[in-house]
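What follows is the content of protein.pdb, which has PDB, C-alpha atoms:
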MODEL        1
ATOM      1  CA  MET G   1     203.828 103.941  55.025
ATOM      2  CA  SER G   2     207.243 105.548  55.432
ATOM      3  CA  LEU G   3     209.414 105.263  58.502
ATOM      4  CA  ALA G   4     208.863 108.952  59.244
ATOM      5  CA  SER G   5     205.086 108.683  59.053
ATOM      6  CA  ASP G   6     205.167 105.488  61.129
ATOM      7  CA  LYS G   7     207.087 107.369  63.809
ATOM      8  CA  ALA G   8     204.735 110.343  63.636
ATOM      9  CA  ALA G   9     201.702 108.046  63.971
ATOM     10  CA  SER G  10     203.196 106.201  66.930
ATOM     11  CA  GLN G  11     203.936 109.466  68.698
ATOM     12  CA  SER G  12     200.514 111.019  68.099
ATOM     13  CA  LEU G  13     198.258 111.293  71.079
ATOM     14  CA  SER G  14     194.939 109.513  71.415
ATOM     15  CA  TYR G  15     193.305 112.905  71.491
ATOM     16  CA  SER G  16     191.382 114.926  68.992
ATOM     17  CA  SER G  17     189.530 118.205  69.124
ATOM     18  CA  GLY G  18     186.789 119.779  67.090
ATOM     19  CA  PRO G  19     185.615 123.306  66.467
ATOM     20  CA  THR G  20     185.008 125.344  69.585
ATOM     21  CA  ASP G  21     182.970 128.150  68.070
ATOM     22  CA  LYS G  22     179.667 126.314  68.533
ATOM     23  CA  PRO G  23     178.369 125.313  71.955
ATOM     24  CA  ILE G  24     178.122 121.626  72.851
ATOM     25  CA  TRP G  25     174.615 120.280  72.351
ATOM     26  CA  THR G  26     172.400 119.983  75.348
ATOM     27  CA  VAL G  27     170.088 117.200  74.281
ATOM     28  CA  THR G  28     168.590 114.095  75.813
ATOM     29  CA  LEU G  29     169.652 110.682  74.564
ATOM     30  CA  GLY G  30     166.106 110.089  73.343
ATOM     31  CA  ALA G  31     166.129 113.250  71.242
ATOM     32  CA  LEU G  32     169.593 112.397  69.911
ATOM     33  CA  ALA G  33     168.457 108.896  68.891
ATOM     34  CA  GLU G  34     165.487 110.406  67.058
ATOM     35  CA  ILE G  35     167.670 112.935  65.248
ATOM     36  CA  GLN G  36     170.107 110.215  64.227
ATOM     37  CA  ALA G  37     167.265 108.002  62.989
ATOM     38  CA  GLU G  38     166.064 110.849  60.781
ATOM     39  CA  ILE G  39     169.527 111.650  59.436
ATOM     40  CA  PHE G  40     171.117 108.209  59.124
ATOM     41  CA  GLY G  41     168.004 106.000  58.853
ATOM     42  CA  ASP G  42     169.101 102.751  57.233
ATOM     43  CA  ARG G  43     172.798 103.012  58.019
ATOM     44  CA  THR G  44     174.145 100.424  60.429
ATOM     45  CA  ALA G  45     174.352 101.832  63.936
ATOM     46  CA  LEU G  46     175.695  98.752  65.671
ATOM     47  CA  ALA G  47     176.759  95.196  64.913
ATOM     48  CA  PHE G  48     177.173  92.255  67.267
ATOM     49  CA  PRO G  49     178.907  89.602  65.137
ATOM     50  CA  TRP G  50     178.825  86.952  67.866
ATOM     51  CA  GLN G  51     175.031  87.268  67.968
ATOM     52  CA  ASN G  52     174.759  87.783  64.212
ATOM     53  CA  GLU G  53     172.701  90.890  64.936
ATOM     54  CA  ARG G  54     172.725  94.349  63.398
ATOM     55  CA  ARG G  55     170.604  97.422  63.974
ATOM     56  CA  THR G  56     170.184 100.498  61.831
ATOM     57  CA  TYR G  57     169.733 103.892  63.441
ATOM     58  CA  ARG G  58     166.008 103.726  62.659
ATOM     59  CA  GLU G  59     165.637 100.231  64.120
ATOM     60  CA  LEU G  60     167.503 101.252  67.227
ATOM     61  CA  PHE G  61     165.228 104.220  67.757
ATOM     62  CA  LEU G  62     162.025 102.259  67.094
ATOM     63  CA  ARG G  63     163.051  99.311  69.285
ATOM     64  CA  GLY G  64     164.054 101.783  71.993
ATOM     65  CA  ASN G  65     160.519 103.173  71.823
ATOM     66  CA  THR G  66     159.068  99.678  72.158
ATOM     67  CA  ILE G  67     161.235  98.975  75.185
ATOM     68  CA  ALA G  68     160.230 102.305  76.704
ATOM     69  CA  LYS G  69     156.605 101.210  76.350
ATOM     70  CA  ALA G  70     157.411  97.781  77.788
ATOM     71  CA  LEU G  71     158.978  99.440  80.812
ATOM     72  CA  VAL G  72     155.909 101.620  81.290
ATOM     73  CA  GLU G  73     153.681  98.546  80.986
ATOM     74  CA  SER G  74     155.900  96.918  83.634
ATOM     75  CA  GLY G  75     155.109  99.752  86.022
ATOM     76  CA  MET G  76     158.243 101.806  85.533
ATOM     77  CA  GLN G  77     158.029 105.572  85.760
ATOM     78  CA  TYR G  78     160.292 108.564  85.297
ATOM     79  CA  GLY G  79     163.096 108.337  87.871
ATOM     80  CA  ASP G  80     162.807 104.595  88.571
ATOM     81  CA  CYS G  81     166.053 102.666  88.135
ATOM     82  CA  VAL G  82     166.600  99.809  85.707
ATOM     83  CA  GLY G  83     169.449  97.468  86.601
ATOM     84  CA  ILE G  84     171.364  95.480  84.020
ATOM     85  CA  PHE G  85     173.464  92.547  85.130
ATOM     86  CA  ALA G  86     174.562  91.114  81.811
ATOM     87  CA  GLY G  87     177.373  90.751  79.343
ATOM     88  CA  ASN G  88     177.625  92.679  76.101
ATOM     89  CA  CYS G  89     174.677  91.961  73.829
ATOM     90  CA  VAL G  90     172.403  93.885  71.513
ATOM     91  CA  SER G  91     169.472  93.934  73.929
ATOM     92  CA  TYR G  92     171.706  95.526  76.559
ATOM     93  CA  LEU G  93     172.073  98.626  74.418
ATOM     94  CA  GLU G  94     168.407  98.618  73.429
ATOM     95  CA  VAL G  95     167.325  98.510  77.064
ATOM     96  CA  PHE G  96     169.761 101.308  77.876
ATOM     97  CA  LEU G  97     168.209 103.481  75.169
ATOM     98  CA  GLY G  98     164.615 102.581  75.961
ATOM     99  CA  ALA G  99     165.077 103.359  79.638
ATOM    100  CA  SER G 100     166.745 106.668  78.866
ATOM    101  CA  PHE G 101     163.844 107.676  76.617
ATOM    102  CA  ILE G 102     161.502 107.804  79.626
ATOM    103  CA  GLY G 103     164.009 109.019  82.198
ATOM    104  CA  CYS G 104     164.781 105.748  83.955
ATOM    105  CA  PRO G 105     168.451 105.711  85.001
ATOM    106  CA  VAL G 106     170.220 102.487  84.105
ATOM    107  CA  VAL G 107     172.311 100.928  86.836
ATOM    108  CA  VAL G 108     175.166  99.024  85.270
ATOM    109  CA  LEU G 109     175.910  95.969  87.379
ATOM    110  CA  ASN G 110     179.267  94.424  86.642
ATOM    111  CA  SER G 111     178.803  90.730  85.943
ATOM    112  CA  ASN G 112     181.988  90.052  87.940
ATOM    113  CA  TYR G 113     180.563  91.537  91.141
ATOM    114  CA  THR G 114     180.783  89.489  94.281
ATOM    115  CA  PRO G 115     177.463  89.052  96.137
ATOM    116  CA  SER G 116     178.367  91.810  98.634
ATOM    117  CA  GLU G 117     179.315  94.224  95.856
ATOM    118  CA  LEU G 118     176.069  93.487  94.073
ATOM    119  CA  GLU G 119     174.084  94.017  97.254
ATOM    120  CA  PHE G 120     175.760  97.371  97.888
ATOM    121  CA  THR G 121     175.212  98.555  94.341
ATOM    122  CA  VAL G 122     171.566  97.558  94.250
ATOM    123  CA  GLY G 123     170.966  99.139  97.645
ATOM    124  CA  TYR G 124     172.650 102.378  96.628
ATOM    125  CA  SER G 125     170.441 102.623  93.599
ATOM    126  CA  GLY G 126     167.401 103.028  95.813
ATOM    127  CA  GLU G 127     164.043 102.304  94.226
ATOM    128  CA  TYR G 128     164.641  99.192  92.264
ATOM    129  CA  ASP G 129     161.755  97.995  90.174
ATOM    130  CA  SER G 130     163.071  96.120  87.201
ATOM    131  CA  HIS G 131     166.160  94.059  86.822
ATOM    132  CA  ILE G 132     167.406  92.986  83.430
ATOM    133  CA  SER G 133     169.609  90.006  84.036
ATOM    134  CA  THR G 134     171.318  87.085  82.441
ATOM    135  CA  CYS G 135     172.172  85.120  85.528
ATOM    136  CA  LEU G 136     171.229  86.896  88.742
ATOM    137  CA  LEU G 137     169.318  83.956  90.171
ATOM    138  CA  ARG G 138     171.207  81.094  88.587
TER     139      ARG G 138
ATOM    140  CA  MET O   1     164.256 101.754 100.030
ATOM    141  CA  MET O   2     165.282  98.716  98.094
ATOM    142  CA  GLN O   3     162.492  96.331  97.287
ATOM    143  CA  SER O   4     162.717  92.733  98.346
ATOM    144  CA  GLN O   5     163.964  90.280  95.760
ATOM    145  CA  SER O   6     160.479  88.785  95.414
ATOM    146  CA  GLU O   7     159.188  92.180  94.257
ATOM    147  CA  VAL O   8     161.919  92.703  91.687
ATOM    148  CA  GLN O   9     160.898  91.974  88.128
ATOM    149  CA  LEU O  10     163.469  89.805  86.409
ATOM    150  CA  ILE O  11     163.895  89.859  82.671
ATOM    151  CA  ILE O  12     166.182  87.130  81.421
ATOM    152  CA  LEU O  13     168.058  88.112  78.296
ATOM    153  CA  ASP O  14     169.608  84.866  77.193
ATOM    154  CA  ASP O  15     168.053  81.862  78.903
ATOM    155  CA  GLU O  16     164.422  81.240  78.030
ATOM    156  CA  ASN O  17     164.341  77.894  79.824
ATOM    157  CA  TYR O  18     165.394  79.513  83.077
ATOM    158  CA  ALA O  19     162.699  82.162  82.743
ATOM    159  CA  LEU O  20     160.008  79.636  81.860
ATOM    160  CA  GLN O  21     160.836  77.392  84.828
ATOM    161  CA  ASN O  22     160.755  80.145  87.407
ATOM    162  CA  SER O  23     158.292  82.491  89.051
ATOM    163  CA  ALA O  24     155.683  84.619  87.376
ATOM    164  CA  ALA O  25     157.862  87.637  88.102
ATOM    165  CA  THR O  26     160.477  86.280  85.723
ATOM    166  CA  ALA O  27     160.078  86.884  82.012
ATOM    167  CA  THR O  28     162.094  86.347  78.881
ATOM    168  CA  PHE O  29     163.282  89.345  76.946
ATOM    169  CA  LYS O  30     160.896  88.309  74.172
ATOM    170  CA  GLU O  31     157.944  88.470  76.564
ATOM    171  CA  PHE O  32     159.154  91.762  77.948
ATOM    172  CA  PHE O  33     159.550  93.225  74.446
ATOM    173  CA  GLY O  34     156.059  91.951  73.615
ATOM    174  CA  ARG O  35     154.627  94.119  76.384
ATOM    175  CA  GLY O  36     155.872  97.101  74.407
ATOM    176  CA  GLU O  37     154.575  95.797  71.102
ATOM    177  CA  THR O  38     151.079  95.203  72.482
ATOM    178  CA  SER O  39     151.020  98.294  74.667
ATOM    179  CA  GLN O  40     147.969 100.512  74.503
ATOM    180  CA  LEU O  41     150.231 103.479  75.092
ATOM    181  CA  THR O  42     149.861 105.839  72.140
ATOM    182  CA  GLU O  43     152.734 107.687  70.523
ATOM    183  CA  ALA O  44     151.328 110.845  72.098
ATOM    184  CA  ASP O  45     151.414 109.184  75.531
ATOM    185  CA  LEU O  46     155.008 108.128  74.962
ATOM    186  CA  SER O  47     155.955 111.591  73.766
ATOM    187  CA  ALA O  48     154.469 113.047  76.939
ATOM    188  CA  LYS O  49     156.636 110.717  79.027
ATOM    189  CA  LYS O  50     159.698 111.614  76.986
ATOM    190  CA  ALA O  51     158.962 115.286  77.532
ATOM    191  CA  LEU O  52     159.520 114.812  81.269
ATOM    192  CA  VAL O  53     163.182 113.987  80.645
ATOM    193  CA  ARG O  54     165.720 116.779  80.944
ATOM    194  CA  ALA O  55     169.243 116.747  79.527
ATOM    195  CA  SER O  56     170.575 117.262  83.031
ATOM    196  CA  ASP O  57     168.824 114.161  84.409
ATOM    197  CA  ILE O  58     170.888 111.204  85.569
ATOM    198  CA  ILE O  59     171.033 108.656  82.796
ATOM    199  CA  ASN O  60     173.354 106.059  84.242
ATOM    200  CA  TYR O  61     174.894 104.935  87.500
ATOM    201  CA  GLN O  62     178.332 103.404  87.185
ATOM    202  CA  PHE O  63     180.239 102.110  90.160
ATOM    203  CA  THR O  64     183.998 102.114  89.884
ATOM    204  CA  SER O  65     185.957  98.933  90.453
ATOM    205  CA  GLY O  66     187.583 100.041  93.658
ATOM    206  CA  MET O  67     184.314 101.375  94.807
ATOM    207  CA  PHE O  68     181.981 101.236  97.702
ATOM    208  CA  THR O  69     183.386 104.583  98.716
ATOM    209  CA  ALA O  70     182.555 106.420  95.502
ATOM    210  CA  CYS O  71     180.523 106.160  92.356
ATOM    211  CA  SER O  72     180.223 108.017  89.091
ATOM    212  CA  ILE O  73     176.995 109.435  87.764
ATOM    213  CA  ILE O  74     176.704 110.246  84.090
ATOM    214  CA  SER O  75     174.003 112.528  82.779
ATOM    215  CA  SER O  76     172.922 113.216  79.210
ATOM    216  CA  ASP O  77     174.666 116.525  78.884
ATOM    217  CA  THR O  78     178.118 115.594  80.116
TER     218      THR O  78
ENDMDL
END
Structure encoded using structure tokens:
Amino acid sequence: MSLASDKAASQSLSYSSGPTDKPIWTVTLGALAEIQAEIFGDRTALAFPWQNERRTYRELFLRGNTIAKALVESGMQYGDCVGIFAGNCVSYLEVFLGASFIGCPVVVLNSNYTPSELEFTVGYSGEYDSHISTCLLR
Amino acid sequence: MMQSQSEVQLIILDDENYALQNSAATATFKEFFGRGETSQLTEADLSAKKALVRASDIINYQFTSGMFTACSIISSDT
């Protein structure tokens, strides 16, 4: 790379824009995951090297469906909150998707919260039926 | 109202031993996932539940680091 192009790259903004002639999609995450599974199917959607785990778009969609069913079987309904108190891992994203498929907002609980911060956050979230956790009670 | 801790279902993602040694309300992720795999819910039932969801629904609560005076709410269509 030349000095001029190096300079141009270093001065470019972390900003990009796309066409503006078409309206932004209004679509649920569940519908988007299904569309992506149909279009991209066996392409890798995510990789977690430290867990040695990968998911294709189709796997992500199907496992999201299974988690949505598991949440329903656990008594969760549209509008109930699902809390996640965990570090980055593949199941974190799968739970996020599965919950969104059936309209359960995910409450992201920072694993660095102090007990009082955690208490506030959980209380604010109102109805609190399921709690996906790595270490809440350790 | 927030439920008491004893009523909260705990799903442990990464520590099966912890889950196995604790109360019946605590499950491993594998057990939790199994509930979905063995569910009697049909695809039509699931589709009906998905149909309730609107793009403008809240999808995620995120609390900012300086928080406890404010929080961000992200919905599907933002």
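Proximity ranking of G:Asp80, G:Glu73, G:Glu94, G:Glu119 relative to chain O places G:Glu73 first, based on all atoms listed in the file.
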Identify which of the residues G:Val90, G:Leu32, G:Cys81, G:Leu46 lies closest to Ala55 (chain O), counting only C-alpha atoms when measuring atom-to-atom distances.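 Going through G:Val90, G:Leu32, G:Cys81, G:Leu46 one by one, the smallest distance to Ala55 (chain O) is for G:Leu32.
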Please, which residues are within 7 Å of (157.7, 105.7, 76.0) by the file's coordinates, counting all atoms listed in the file, and could they come as a VMD selection string? (chain G and resid 65 68 to 69 72 101 to 102) or (chain O and resid 46 to 47 49 to 50)
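The residue that comes closest to chain O, out of G:Leu97, G:Gly64, G:Asp42, G:Ala70 and on the basis of all atoms listed in the file, is G:Ala70.
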Interatomic distance between CA of Ser17 (chain G) and CA of Thr64 (chain O)?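 CA of Ser17 (chain G) sits 26.8 Å away from CA of Thr64 (chain O).
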In terms of the shortest atom-to-atom distance over only C-alpha atoms, which of O:Leu10, O:Ile59, O:Leu41, O:Val53 is closest to Phe85 (chain G)? O:Leu10
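Pairwise distance (CA of Tyr92 (chain G), CA of Phe48 (chain G)) equals 11.3 Å.
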Can you tell me, as an MDAnalysis selection string, what residues are no more than 9 Å from Glu59 (chain G) when counting only C-alpha atoms, ignoring any on the same chain fewer than 2 positions away? chainID G and resid 37 41:42 45 55:57 61:64
Could you expand the PyMOL selection byres ((chain G and resi 74) around 12) into the explicit residues it covers here, written as number ranges by chain? G: 67-73, 75-77, 80, 82, 99, 129-131; O: 8-11, 25-27, 31-36, 39
